[in-house]
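**Student:** Supplied structure: model.cif, mmCIF, C-alpha atoms (C1' of nucleotides).
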data_entry
#
loop_
_atom_site.label_atom_id
_atom_site.label_comp_id
_atom_site.auth_asym_id
_atom_site.auth_seq_id
_atom_site.Cartn_x
_atom_site.Cartn_y
_atom_site.Cartn_z
CA MET L 1 26.71 -1.22 47.83
CA PRO L 2 27.48 -0.04 44.36
CA ALA L 3 24.34 1.04 42.55
CA LEU L 4 25.56 1.68 39.07
CA THR L 5 23.89 3.84 36.47
CA ILE L 6 23.55 2.54 32.96
CA SER L 7 26.42 4.58 31.62
CA GLN L 8 28.71 3.44 34.44
CA VAL L 9 27.91 -0.12 33.55
CA ALA L 10 28.41 0.66 29.90
CA ARG L 11 31.85 2.07 30.58
CA GLN L 12 32.84 -0.89 32.72
CA VAL L 13 32.04 -3.46 30.08
CA GLY L 14 32.81 -1.39 27.00
CA LEU L 15 29.33 -1.11 25.59
CA GLN L 16 27.06 1.75 24.68
CA ALA L 17 24.20 2.40 27.03
CA SER L 18 21.82 1.91 24.14
CA ALA L 19 23.08 -1.64 23.70
CA ILE L 20 22.30 -2.41 27.31
CA ARG L 21 18.79 -1.04 26.95
CA TYR L 22 18.46 -3.11 23.83
CA TYR L 23 19.54 -6.27 25.62
CA GLU L 24 16.96 -5.60 28.28
CA GLN L 25 14.36 -4.98 25.64
CA ILE L 26 14.93 -8.28 23.90
CA GLY L 27 15.01 -10.08 27.22
CA LEU L 28 18.69 -10.90 27.46
CA LEU L 29 18.87 -8.85 30.62
CA PRO L 30 16.17 -8.83 33.28
CA PRO L 31 14.29 -5.53 33.73
CA ALA L 32 16.56 -3.38 35.84
CA ASP L 33 15.61 -1.86 39.18
CA ARG L 34 14.60 1.77 38.91
CA VAL L 35 15.28 4.81 41.01
CA SER L 36 12.78 7.40 39.90
CA GLY L 37 12.64 5.95 36.49
CA GLN L 38 16.35 5.45 36.01
CA ARG L 39 18.00 2.06 35.86
CA ARG L 40 20.28 0.97 38.69
CA TYR L 41 22.54 -2.05 38.50
CA ASP L 42 24.79 -4.10 40.73
CA MET L 43 27.83 -6.21 39.96
CA ALA L 44 25.74 -9.14 38.75
CA VAL L 45 24.92 -7.30 35.55
CA LEU L 46 28.61 -6.88 34.85
CA TYR L 47 29.03 -10.63 34.92
CA ARG L 48 26.00 -11.12 32.78
CA LEU L 49 27.25 -8.63 30.24
CA SER L 50 30.72 -10.12 30.33
CA VAL L 51 29.27 -13.45 29.32
CA ILE L 52 27.39 -11.78 26.51
CA GLN L 53 30.48 -9.97 25.33
CA ARG L 54 32.59 -13.08 25.41
CA ALA L 55 29.95 -14.97 23.50
CA ARG L 56 29.86 -12.20 20.88
CA GLN L 57 33.65 -12.45 20.61
CA LEU L 58 33.23 -16.14 19.96
CA GLY L 59 30.96 -15.38 17.06
CA PHE L 60 27.65 -16.20 18.74
CA THR L 61 24.52 -14.37 17.73
CA LEU L 62 22.28 -12.89 20.38
CA GLU L 63 19.88 -15.70 19.67
CA GLU L 64 22.59 -18.17 20.59
CA VAL L 65 23.37 -16.15 23.68
CA ARG L 66 19.74 -16.45 24.58
CA GLN L 67 20.09 -20.21 24.27
CA LEU L 68 23.14 -20.11 26.46
CA PHE L 69 21.16 -18.37 29.17
CA PHE L 70 17.71 -19.87 28.85
CA GLY L 71 17.87 -22.62 26.30
CA PHE L 72 19.16 -25.70 28.03
CA ARG L 73 16.42 -27.17 30.15
CA ASP L 74 18.67 -30.18 30.50
CA ALA L 75 22.39 -29.38 30.81
CA PRO L 76 22.32 -27.15 33.87
CA ARG L 77 26.06 -26.65 34.06
CA ALA L 78 27.43 -23.56 32.39
CA SER L 79 30.42 -25.44 31.07
CA ALA L 80 28.21 -27.98 29.36
CA ARG L 81 26.21 -25.24 27.70
CA TRP L 82 29.34 -23.60 26.43
CA GLN L 83 30.61 -26.95 25.20
CA SER L 84 27.56 -27.59 23.16
CA LEU L 85 27.39 -24.16 21.60
CA CYS L 86 31.12 -24.01 20.97
CA ARG L 87 31.13 -27.32 19.19
CA LYS L 88 28.35 -26.14 16.93
CA LYS L 89 30.06 -22.85 16.22
CA MET L 90 33.30 -24.66 15.52
CA GLY L 91 31.54 -26.60 12.79
CA GLU L 92 30.20 -23.40 11.27
CA LEU L 93 33.67 -21.92 11.34
CA ASP L 94 35.12 -24.91 9.57
CA ALA L 95 32.50 -24.62 6.87
CA LEU L 96 33.25 -20.95 6.51
CA LEU L 97 36.95 -21.73 6.36
CA ASN L 98 36.35 -24.10 3.49
CA ASP L 99 34.32 -21.54 1.63
CA ILE L 100 37.06 -19.01 2.07
CA LYS L 101 39.66 -21.38 0.76
CA THR L 102 37.49 -22.10 -2.25
CA VAL L 103 37.11 -18.43 -2.95
CA ARG L 104 40.85 -17.94 -2.59
CA ARG L 105 41.43 -20.61 -5.21
CA LEU L 106 38.91 -18.93 -7.46
CA LEU L 107 40.58 -15.57 -6.98
CA ARG L 108 43.95 -17.03 -7.81
CA ARG L 109 42.61 -18.65 -10.94
CA MET L 110 40.92 -15.45 -12.00
CA MET L 111 44.15 -13.53 -11.54
CA SER L 112 46.35 -15.96 -13.38
CA ARG L 113 43.99 -17.06 -16.12
CA CYS L 114 42.15 -13.97 -17.25
CA HIS L 115 43.82 -12.05 -20.02
CA CYS L 116 40.71 -10.48 -21.45
CA ASP L 117 40.75 -7.07 -22.99
CA THR L 118 37.15 -6.26 -22.30
CA LEU L 119 34.69 -7.33 -19.66
CA ASP L 120 32.26 -8.43 -22.33
CA GLN L 121 34.83 -10.83 -23.66
CA CYS L 122 35.39 -12.01 -20.14
CA GLY L 123 31.69 -12.43 -19.55
CA LYS L 124 31.29 -14.38 -22.75
CA GLY L 125 33.94 -16.80 -21.61
CA ILE L 126 32.30 -17.17 -18.21
CA PHE L 127 28.85 -17.59 -19.71
CA LEU L 128 29.93 -20.19 -22.24
CA SER L 129 31.97 -22.13 -19.73
CA GLY L 130 28.64 -22.48 -17.95
CA LYS L 131 30.10 -22.03 -14.50
CA VAL L 132 27.45 -19.45 -13.73
CA GLY L 133 23.76 -20.06 -13.84
CA PRO L 134 21.86 -23.21 -14.75
CA LYS L 135 21.69 -23.60 -18.53
CA SER L 136 19.08 -26.38 -18.72
CA SER L 137 21.40 -29.16 -19.81
CA GLY L 138 18.90 -31.91 -20.42
CA LYS L 139 18.91 -33.49 -16.98
CA GLY L 140 15.20 -32.95 -16.42
CA LYS L 141 13.18 -29.81 -16.56
CA ASN L 142 14.02 -28.39 -13.18
CA TRP L 143 17.53 -29.64 -12.84
CA ARG L 144 20.00 -27.33 -11.20
CA LYS L 145 23.69 -27.69 -10.83
CA PRO L 146 24.14 -28.69 -7.19
CA ASP L 147 25.38 -25.51 -5.55
CA ALA L 148 26.83 -24.22 -8.75
CA ASN L 149 27.88 -20.76 -7.69
CA LYS L 150 27.90 -21.63 -4.04
CA PRO L 151 30.80 -19.92 -2.35
CA SER L 152 29.60 -16.41 -2.24
CA ILE L 153 30.91 -15.35 1.14
CA ARG L 154 28.43 -12.58 1.32
CA ALA L 155 29.11 -9.79 3.71
CA ILE L 156 32.76 -10.54 3.79
CA ALA L 157 33.37 -7.00 4.85
CA ALA L 158 30.41 -6.98 7.20
CA SER L 159 32.04 -9.64 9.28
CA ARG L 160 34.95 -7.36 10.01
CA ARG L 161 32.74 -4.78 11.76
CA MET U 1 17.72 -12.21 -33.38
CA PRO U 2 17.03 -13.34 -29.87
CA ALA U 3 15.05 -10.69 -28.01
CA LEU U 4 14.90 -12.13 -24.55
CA THR U 5 12.38 -11.27 -21.88
CA ILE U 6 13.55 -10.60 -18.38
CA SER U 7 12.55 -14.00 -17.10
CA GLN U 8 14.28 -15.75 -19.96
CA VAL U 9 17.44 -13.89 -19.10
CA ALA U 10 16.91 -14.66 -15.46
CA ARG U 11 16.65 -18.37 -16.19
CA GLN U 12 19.73 -18.34 -18.37
CA VAL U 13 21.95 -16.81 -15.74
CA GLY U 14 20.27 -18.25 -12.68
CA LEU U 15 18.97 -15.06 -11.16
CA GLN U 16 15.54 -13.84 -10.20
CA ALA U 17 13.98 -11.26 -12.47
CA SER U 18 13.76 -8.91 -9.53
CA ALA U 19 17.51 -9.02 -9.15
CA ILE U 20 17.97 -7.95 -12.75
CA ARG U 21 15.56 -5.07 -12.30
CA TYR U 22 17.46 -4.15 -9.18
CA TYR U 23 20.78 -4.14 -11.03
CA GLU U 24 19.27 -1.86 -13.62
CA GLN U 25 17.90 0.37 -10.92
CA ILE U 26 21.24 0.84 -9.22
CA GLY U 27 22.93 1.39 -12.54
CA LEU U 28 24.87 -1.85 -12.87
CA LEU U 29 22.95 -2.60 -16.03
CA PRO U 30 22.02 0.00 -18.63
CA PRO U 31 18.29 0.73 -19.01
CA ALA U 32 16.91 -2.05 -21.19
CA ASP U 33 15.11 -1.55 -24.47
CA ARG U 34 11.35 -1.76 -24.14
CA VAL U 35 8.63 -3.35 -26.21
CA SER U 36 5.37 -1.89 -25.02
CA GLY U 37 6.81 -1.29 -21.63
CA GLN U 38 8.49 -4.64 -21.26
CA ARG U 39 12.22 -5.13 -21.17
CA ARG U 40 13.91 -6.90 -24.06
CA TYR U 41 17.50 -8.09 -23.96
CA ASP U 42 20.13 -9.57 -26.25
CA MET U 43 23.10 -11.79 -25.55
CA ALA U 44 25.24 -8.90 -24.32
CA VAL U 45 23.30 -8.75 -21.09
CA LEU U 46 24.06 -12.40 -20.45
CA TYR U 47 27.74 -11.62 -20.57
CA ARG U 48 27.29 -8.62 -18.36
CA LEU U 49 25.36 -10.64 -15.82
CA SER U 50 27.86 -13.47 -16.01
CA VAL U 51 30.57 -11.06 -14.99
CA ILE U 52 28.45 -9.83 -12.12
CA GLN U 53 27.70 -13.38 -11.00
CA ARG U 54 31.30 -14.41 -11.15
CA ALA U 55 32.31 -11.34 -9.18
CA ARG U 56 29.68 -12.16 -6.54
CA GLN U 57 31.09 -15.67 -6.32
CA LEU U 58 34.47 -14.15 -5.69
CA GLY U 59 33.09 -12.27 -2.75
CA PHE U 60 32.81 -8.86 -4.35
CA THR U 61 30.11 -6.47 -3.28
CA LEU U 62 27.98 -4.75 -5.88
CA GLU U 63 29.90 -1.61 -5.11
CA GLU U 64 33.07 -3.41 -6.11
CA VAL U 65 31.36 -4.71 -9.21
CA ARG U 66 30.51 -1.14 -10.05
CA GLN U 67 34.20 -0.30 -9.75
CA LEU U 68 35.02 -3.20 -12.01
CA PHE U 69 32.72 -1.80 -14.67
CA PHE U 70 33.08 1.92 -14.28
CA GLY U 71 35.77 2.60 -11.75
CA PHE U 72 39.09 2.35 -13.49
CA ARG U 73 39.59 5.47 -15.57
CA ASP U 74 43.14 4.25 -15.96
CA ALA U 75 43.53 0.46 -16.41
CA PRO U 76 41.37 -0.09 -19.44
CA ARG U 77 42.04 -3.80 -19.72
CA ALA U 78 39.56 -6.11 -18.05
CA SER U 79 42.29 -8.41 -16.80
CA ALA U 80 44.06 -5.53 -15.07
CA ARG U 81 40.85 -4.49 -13.34
CA TRP U 82 40.25 -8.01 -12.12
CA GLN U 83 43.85 -8.22 -10.94
CA SER U 84 43.54 -5.14 -8.85
CA LEU U 85 40.25 -6.09 -7.27
CA CYS U 86 41.28 -9.69 -6.70
CA ARG U 87 44.44 -8.69 -4.95
CA LYS U 88 42.49 -6.44 -2.64
CA LYS U 89 39.89 -9.12 -1.95
CA MET U 90 42.62 -11.63 -1.30
CA GLY U 91 43.93 -9.39 1.44
CA GLU U 92 40.51 -9.14 3.01
CA LEU U 93 40.17 -12.89 2.89
CA ASP U 94 43.48 -13.36 4.62
CA ALA U 95 42.44 -10.99 7.34
CA LEU U 96 39.17 -12.83 7.73
CA LEU U 97 41.05 -16.10 7.83
CA ASN U 98 43.15 -14.82 10.67
CA ASP U 99 40.11 -13.68 12.57
CA ILE U 100 38.55 -17.07 12.13
CA LYS U 101 41.62 -18.80 13.40
CA THR U 102 41.68 -16.54 16.40
CA VAL U 103 38.07 -17.31 17.15
CA ARG U 104 38.75 -21.00 16.77
CA ARG U 105 41.52 -20.76 19.32
CA LEU U 106 39.17 -18.90 21.63
CA LEU U 107 36.49 -21.52 21.17
CA ARG U 108 38.93 -24.28 21.94
CA ARG U 109 40.13 -22.51 25.06
CA MET U 110 36.59 -21.92 26.19
CA MET U 111 35.74 -25.58 25.73
CA SER U 112 38.78 -26.92 27.50
CA ARG U 113 39.17 -24.38 30.25
CA CYS U 114 35.66 -23.57 31.43
CA HIS U 115 34.43 -25.77 34.24
CA CYS U 116 32.00 -23.30 35.71
CA ASP U 117 28.80 -24.42 37.31
CA THR U 118 26.90 -21.22 36.67
CA LEU U 119 27.09 -18.56 34.02
CA ASP U 120 27.45 -15.92 36.71
CA GLN U 121 30.56 -17.62 37.98
CA CYS U 122 31.77 -17.76 34.42
CA GLY U 123 30.99 -14.11 33.86
CA LYS U 124 32.80 -13.13 37.02
CA GLY U 125 35.89 -14.88 35.78
CA ILE U 126 35.67 -13.19 32.42
CA PHE U 127 35.01 -9.81 33.95
CA LEU U 128 37.87 -10.02 36.41
CA SER U 129 40.30 -11.32 33.83
CA GLY U 130 39.54 -8.02 32.10
CA LYS U 131 39.49 -9.51 28.64
CA VAL U 132 36.19 -7.83 27.99
CA GLY U 133 35.63 -4.12 28.12
CA PRO U 134 38.00 -1.31 29.05
CA LYS U 135 38.43 -1.11 32.81
CA SER U 136 40.18 2.26 32.98
CA SER U 137 43.58 1.01 34.03
CA GLY U 138 45.37 4.25 34.65
CA LYS U 139 46.84 4.83 31.22
CA GLY U 140 45.11 8.18 30.79
CA LYS U 141 41.48 9.03 31.01
CA ASN U 142 40.38 7.85 27.62
CA TRP U 143 42.70 4.93 27.18
CA ARG U 144 41.26 1.86 25.53
CA LYS U 145 42.80 -1.53 25.10
CA PRO U 146 43.80 -1.59 21.45
CA ASP U 147 41.21 -3.79 19.80
CA ALA U 148 40.49 -5.63 23.00
CA ASN U 149 37.54 -7.73 21.98
CA LYS U 150 38.31 -7.50 18.30
CA PRO U 151 37.53 -10.76 16.59
CA SER U 152 33.82 -10.70 16.52
CA ILE U 153 33.17 -12.26 13.12
CA ARG U 154 29.77 -10.77 12.96
CA ALA U 155 27.31 -12.30 10.59
CA ILE U 156 29.19 -15.51 10.49
CA ALA U 157 26.03 -17.23 9.48
CA ALA U 158 25.00 -14.44 7.14
CA SER U 159 28.03 -15.12 5.02
CA ARG U 160 26.76 -18.63 4.30
CA ARG U 161 23.54 -17.31 2.68
"C1'" DC T 1 17.41 28.65 40.63
"C1'" DT T 2 19.19 27.35 36.57
"C1'" DA T 3 22.22 25.25 33.16
"C1'" DG T 4 23.37 21.34 31.19
"C1'" DA T 5 24.56 16.57 31.70
"C1'" DA T 6 22.48 12.26 31.93
"C1'" DC T 7 18.50 9.67 31.98
"C1'" DT T 8 13.78 7.96 29.98
"C1'" DT T 9 10.61 5.91 26.01
"C1'" DC T 10 9.24 4.92 21.46
"C1'" DA T 11 9.89 4.98 16.74
"C1'" DA T 12 12.60 5.00 13.05
"C1'" DG T 13 17.10 4.62 10.73
"C1'" DT T 14 21.32 1.90 9.35
"C1'" DC T 15 23.74 -1.58 6.10
"C1'" DA T 16 23.48 -4.95 1.67
"C1'" DA T 17 21.28 -7.11 -1.67
"C1'" DC T 18 17.61 -8.22 -2.80
"C1'" DT T 19 12.44 -9.92 -2.40
"C1'" DT T 20 7.74 -9.15 -1.70
"C1'" DT T 21 3.51 -6.74 -2.13
"C1'" DA T 22 0.08 -3.99 -4.18
"C1'" DA T 23 -2.02 -2.36 -8.00
"C1'" DG T 24 -2.23 -2.48 -12.56
"C1'" DG T 25 -0.94 -3.25 -18.07
"C1'" DC T 26 -0.96 -6.09 -22.14
"C1'" DA T 27 -1.26 -10.17 -25.24
"C1'" DA T 28 -2.82 -14.70 -26.48
"C1'" DG T 29 -5.92 -18.60 -26.25
"C1'" DA T 30 -10.76 -20.76 -25.34
"C1'" DT W 1 -15.10 -11.87 -22.94
"C1'" DC W 2 -12.67 -14.00 -19.74
"C1'" DT W 3 -8.81 -16.07 -17.97
"C1'" DT W 4 -4.05 -17.03 -17.70
"C1'" DG W 5 0.37 -15.58 -17.43
"C1'" DC W 6 3.92 -12.59 -17.90
"C1'" DC W 7 5.16 -8.01 -17.43
"C1'" DT W 8 5.34 -3.08 -15.12
"C1'" DT W 9 6.29 0.40 -11.05
"C1'" DA W 10 6.97 2.17 -6.45
"C1'" DA W 11 7.24 1.25 -1.93
"C1'" DA W 12 7.92 -1.49 1.78
"C1'" DG W 13 9.85 -5.67 3.98
"C1'" DT W 14 13.77 -8.78 5.24
"C1'" DT W 15 17.92 -9.82 8.61
"C1'" DG W 16 20.80 -8.70 13.02
"C1'" DA W 17 22.41 -5.79 16.23
"C1'" DC W 18 22.25 -2.01 17.34
"C1'" DT W 19 22.18 3.44 16.91
"C1'" DT W 20 19.94 7.72 16.34
"C1'" DG W 21 16.39 11.13 16.96
"C1'" DA W 22 12.73 13.47 19.17
"C1'" DA W 23 10.60 14.87 23.08
"C1'" DG W 24 10.44 14.87 27.69
"C1'" DT W 25 12.24 13.99 32.86
"C1'" DT W 26 15.67 13.97 36.47
"C1'" DC W 27 20.09 14.68 38.57
"C1'" DT W 28 23.98 17.66 39.75
"C1'" DA W 29 27.10 21.60 40.05
"C1'" DG W 30 27.43 26.37 40.79
#
Output the structure of this file as structure tokens.

**Tutor:**
Amino acid sequence: MPALTISQVARQVGLQASAIRYYEQIGLLPPADRVSGQRRYDMAVLYRLSVIQRARQLGFTLEEVRQLFFGFRDAPRASARWQSLCRKKMGELDALLNDIKTVRRLLRRMMSRCHCDTLDQCGKGIFLSGKVGPKSSGKGKNWRKPDANKPSIRAIAASRR
Amino acid sequence: MPALTISQVARQVGLQASAIRYYEQIGLLPPADRVSGQRRYDMAVLYRLSVIQRARQLGFTLEEVRQLFFGFRDAPRASARWQSLCRKKMGELDALLNDIKTVRRLLRRMMSRCHCDTLDQCGKGIFLSGKVGPKSSGKGKNWRKPDANKPSIRAIAASRR
DNA sequence: CTAGAACTTCAAGTCAACTTTAAGGCAAGA
DNA sequence: TCTTGCCTTAAAGTTGACTTGAAGTTCTAG
């Protein structure tokens, strides 16, 4: 009967021990059995962690993983849970894809159309073209361009670990 | 001579005043003139901020914006600076695009191929298929699958503000 | 028996780009 | 004078998913 230590488990699934402790702490893993204070695991935790890892690969947050495990009071079948979450995530990906394409167009335009000498000149053009920031254009006092400077793709680097 | 207050500037460019103070604090904007302690601006700052806003739209980090302003000791022309940064960002976008496509394929596979009853069963399958985590496979003691579970697309939601 | 490796907990740090809070300053209008 | 409203600073909070650090305990090899 394999009673694995935390670092053995960590090695098996390719995580740091601290991540496993963290998952336990936030309730994604049940409190582990202890042998004089130290955690001991069996194979089941490897499966559990594999699911978590796969979900992370698929772009799910830990909150979504929590849903996967505990969220569906209906839908008891694992496959149905995956289905539901995957469909949702697929939609988010498509939205992200669109944003990225928009930004690519913008980048292309910027590259081909800017011939400014100075950034101030450049900024003047941008400011006057009104593509940035709401310049109260008479449509009512609190009117805002609908999603004017929308595609920001924040944390574009952050997403690539 | 328009001497704008910080909130007037903020309204013009569609930012919060706190963001402008922050930009000053991190050195993206020069210290503003003061009238009895309060910041006063002229049109130049609108252009400056327009450039920053446009850059943010294009997916640039503030660090990259800093490069745009102060980074190129060579390349004095604004257009050349934009070119260089845009090309780089374009590459990052393409990489991100690839990751997204990979994740989409994974999502599709998960949806069509998983028929598990329980998540444990699911996890067992994932674990045994070895697609998650390095399972020391005899290629040397510290061998790791090259980028095994790579496409994680962290902060996929974060990128959509 | 004794190193030192591996484990424990709890708190705090990380990253980016800001925002929020607390505590206070200054000017104009009633 | 009092209130309203905008402004100031410095510090702390936000978000997610962990990691790192400090201080202490336990296991293991020699």

**Student:** Select all residues from chain L having any atom no more than 8 Å from an atom of chain W (counting all atoms listed in the file, ignoring ligands), output as a PyMOL selection string.

**Tutor:** chain L and resi 18-19+22+36

**Student:** Take chain U, lay it over chain L with a least-squares fit on all the Cα atoms in order, then hand it over as a short mmCIF file (atom, residue, chain, number, x, y, z; two decimals) with C-alpha atoms, in the coordinates of the input.

**Tutor:**
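New file result.cif:
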data_model
loop_
_atom_site.label_atom_id
_atom_site.label_comp_id
_atom_site.auth_asym_id
_atom_site.auth_seq_id
_atom_site.Cartn_x
_atom_site.Cartn_y
_atom_site.Cartn_z
CA MET U 1 26.56 -1.07 47.89
CA PRO U 2 27.38 -0.03 44.38
CA ALA U 3 24.22 1.04 42.57
CA LEU U 4 25.50 1.66 39.10
CA THR U 5 23.86 3.81 36.46
CA ILE U 6 23.54 2.52 32.96
CA SER U 7 26.44 4.55 31.66
CA GLN U 8 28.68 3.43 34.48
CA VAL U 9 27.90 -0.15 33.60
CA ALA U 10 28.42 0.63 29.96
CA ARG U 11 31.87 2.03 30.66
CA GLN U 12 32.83 -0.93 32.80
CA VAL U 13 32.04 -3.49 30.16
CA GLY U 14 32.84 -1.42 27.11
CA LEU U 15 29.39 -1.17 25.63
CA GLN U 16 27.14 1.72 24.72
CA ALA U 17 24.23 2.37 27.04
CA SER U 18 21.90 1.87 24.12
CA ALA U 19 23.17 -1.65 23.69
CA ILE U 20 22.34 -2.46 27.30
CA ARG U 21 18.85 -1.06 26.90
CA TYR U 22 18.53 -3.13 23.77
CA TYR U 23 19.58 -6.30 25.58
CA GLU U 24 16.97 -5.60 28.21
CA GLN U 25 14.39 -4.98 25.54
CA ILE U 26 14.97 -8.28 23.81
CA GLY U 27 15.02 -10.09 27.11
CA LEU U 28 18.71 -10.92 27.39
CA LEU U 29 18.86 -8.89 30.56
CA PRO U 30 16.13 -8.84 33.20
CA PRO U 31 14.28 -5.53 33.63
CA ALA U 32 16.51 -3.37 35.80
CA ASP U 33 15.51 -1.85 39.11
CA ARG U 34 14.53 1.79 38.82
CA VAL U 35 15.22 4.86 40.91
CA SER U 36 12.80 7.51 39.78
CA GLY U 37 12.63 5.98 36.37
CA GLN U 38 16.34 5.44 35.95
CA ARG U 39 17.97 2.05 35.81
CA ARG U 40 20.21 0.97 38.67
CA TYR U 41 22.47 -2.06 38.51
CA ASP U 42 24.72 -4.12 40.75
CA MET U 43 27.75 -6.24 40.00
CA ALA U 44 25.66 -9.17 38.77
CA VAL U 45 24.87 -7.34 35.56
CA LEU U 46 28.57 -6.92 34.88
CA TYR U 47 28.98 -10.66 34.96
CA ARG U 48 25.96 -11.15 32.79
CA LEU U 49 27.25 -8.66 30.25
CA SER U 50 30.72 -10.15 30.39
CA VAL U 51 29.26 -13.47 29.35
CA ILE U 52 27.40 -11.82 26.52
CA GLN U 53 30.52 -9.98 25.38
CA ARG U 54 32.63 -13.08 25.48
CA ALA U 55 30.00 -14.98 23.52
CA ARG U 56 29.93 -12.20 20.91
CA GLN U 57 33.70 -12.44 20.64
CA LEU U 58 33.30 -16.12 19.98
CA GLY U 59 31.05 -15.38 17.07
CA PHE U 60 27.74 -16.19 18.71
CA THR U 61 24.62 -14.36 17.69
CA LEU U 62 22.35 -12.90 20.33
CA GLU U 63 19.96 -15.70 19.57
CA GLU U 64 22.67 -18.16 20.51
CA VAL U 65 23.41 -16.16 23.62
CA ARG U 66 19.76 -16.47 24.50
CA GLN U 67 20.12 -20.24 24.17
CA LEU U 68 23.15 -20.13 26.39
CA PHE U 69 21.14 -18.41 29.09
CA PHE U 70 17.71 -19.91 28.73
CA GLY U 71 17.88 -22.65 26.17
CA PHE U 72 19.18 -25.74 27.87
CA ARG U 73 16.39 -27.21 29.97
CA ASP U 74 18.67 -30.21 30.31
CA ALA U 75 22.40 -29.40 30.72
CA PRO U 76 22.28 -27.20 33.77
CA ARG U 77 26.02 -26.68 34.01
CA ALA U 78 27.41 -23.58 32.35
CA SER U 79 30.44 -25.45 31.04
CA ALA U 80 28.23 -28.01 29.32
CA ARG U 81 26.22 -25.27 27.64
CA TRP U 82 29.36 -23.59 26.39
CA GLN U 83 30.67 -26.93 25.17
CA SER U 84 27.62 -27.59 23.11
CA LEU U 85 27.48 -24.15 21.56
CA CYS U 86 31.21 -24.00 20.95
CA ARG U 87 31.23 -27.29 19.17
CA LYS U 88 28.45 -26.13 16.90
CA LYS U 89 30.18 -22.81 16.22
CA MET U 90 33.41 -24.61 15.51
CA GLY U 91 31.65 -26.53 12.78
CA GLU U 92 30.33 -23.35 11.25
CA LEU U 93 33.78 -21.86 11.34
CA ASP U 94 35.24 -24.84 9.57
CA ALA U 95 32.63 -24.57 6.88
CA LEU U 96 33.35 -20.88 6.51
CA LEU U 97 37.05 -21.64 6.36
CA ASN U 98 36.45 -24.01 3.51
CA ASP U 99 34.39 -21.47 1.66
CA ILE U 100 37.13 -18.93 2.08
CA LYS U 101 39.72 -21.29 0.76
CA THR U 102 37.55 -22.03 -2.22
CA VAL U 103 37.15 -18.35 -2.93
CA ARG U 104 40.87 -17.85 -2.59
CA ARG U 105 41.48 -20.53 -5.17
CA LEU U 106 38.95 -18.86 -7.44
CA LEU U 107 40.60 -15.50 -6.97
CA ARG U 108 43.98 -16.94 -7.79
CA ARG U 109 42.63 -18.61 -10.91
CA MET U 110 40.95 -15.42 -11.99
CA MET U 111 44.17 -13.47 -11.56
CA SER U 112 46.37 -15.93 -13.38
CA ARG U 113 44.04 -17.07 -16.11
CA CYS U 114 42.16 -13.98 -17.24
CA HIS U 115 43.83 -12.10 -20.05
CA CYS U 116 40.71 -10.55 -21.47
CA ASP U 117 40.75 -7.14 -23.04
CA THR U 118 37.12 -6.35 -22.35
CA LEU U 119 34.69 -7.38 -19.68
CA ASP U 120 32.26 -8.53 -22.35
CA GLN U 121 34.83 -10.94 -23.67
CA CYS U 122 35.39 -12.07 -20.13
CA GLY U 123 31.69 -12.48 -19.52
CA LYS U 124 31.28 -14.48 -22.70
CA GLY U 125 33.93 -16.88 -21.51
CA ILE U 126 32.29 -17.23 -18.13
CA PHE U 127 28.86 -17.64 -19.62
CA LEU U 128 29.92 -20.27 -22.12
CA SER U 129 31.95 -22.20 -19.58
CA GLY U 130 28.60 -22.52 -17.81
CA LYS U 131 30.04 -22.04 -14.37
CA VAL U 132 27.42 -19.44 -13.66
CA GLY U 133 23.72 -20.07 -13.75
CA PRO U 134 21.78 -23.19 -14.68
CA LYS U 135 21.68 -23.62 -18.45
CA SER U 136 19.02 -26.34 -18.61
CA SER U 137 21.26 -29.17 -19.71
CA GLY U 138 18.74 -31.88 -20.32
CA LYS U 139 18.69 -33.49 -16.91
CA GLY U 140 14.97 -32.89 -16.43
CA LYS U 141 13.03 -29.71 -16.59
CA ASN U 142 13.84 -28.33 -13.20
CA TRP U 143 17.35 -29.62 -12.82
CA ARG U 144 19.83 -27.31 -11.18
CA LYS U 145 23.54 -27.71 -10.80
CA PRO U 146 23.96 -28.68 -7.16
CA ASP U 147 25.26 -25.54 -5.50
CA ALA U 148 26.74 -24.25 -8.70
CA ASN U 149 27.82 -20.80 -7.67
CA LYS U 150 27.89 -21.64 -4.00
CA PRO U 151 30.76 -19.89 -2.31
CA SER U 152 29.55 -16.39 -2.19
CA ILE U 153 30.87 -15.31 1.20
CA ARG U 154 28.39 -12.55 1.42
CA ALA U 155 29.10 -9.76 3.81
CA ILE U 156 32.74 -10.54 3.85
CA ALA U 157 33.40 -7.01 4.89
CA ALA U 158 30.46 -6.93 7.26
CA SER U 159 32.08 -9.61 9.34
CA ARG U 160 35.02 -7.31 10.04
CA ARG U 161 32.78 -4.68 11.72
#

**Student:** For this structure, which residues satisfy the selection - the PyMOL selection byres ((chain T) within 9 of (chain L)) - when it is evaluated on the file as given? I want them as an MDAnalysis selection string.

**Tutor:** chainID T and resid 6:8 15:16

**Student:** Dump C-alpha atoms (C1' of nucleotides) for the selected residues as a PDB file, in the coordinates of the input?

**Tutor:**
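Output contents, as saved in result-v5.pdb:
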ATOM      1  C1'  DA T   6      22.480  12.260  31.930  1.00  0.00           C
ATOM      2  C1'  DC T   7      18.500   9.670  31.980  1.00  0.00           C
ATOM      3  C1'  DT T   8      13.780   7.960  29.980  1.00  0.00           C
ATOM      4  C1'  DC T  15      23.740  -1.580   6.100  1.00  0.00           C
ATOM      5  C1'  DA T  16      23.480  -4.950   1.670  1.00  0.00           C
TER       6       DA T  16
END

**Student:** Find the axis-aligned box for range 4-23 of chain W, covering all its listed atoms and adding 6 Å on each side, and write its centre and edge lengths in Å to one decimal as JSON.

**Tutor:**
{"center_x": 9.2, "center_y": -1.1, "center_z": 2.6, "size_x": 38.5, "size_y": 43.9, "size_z": 53.0}
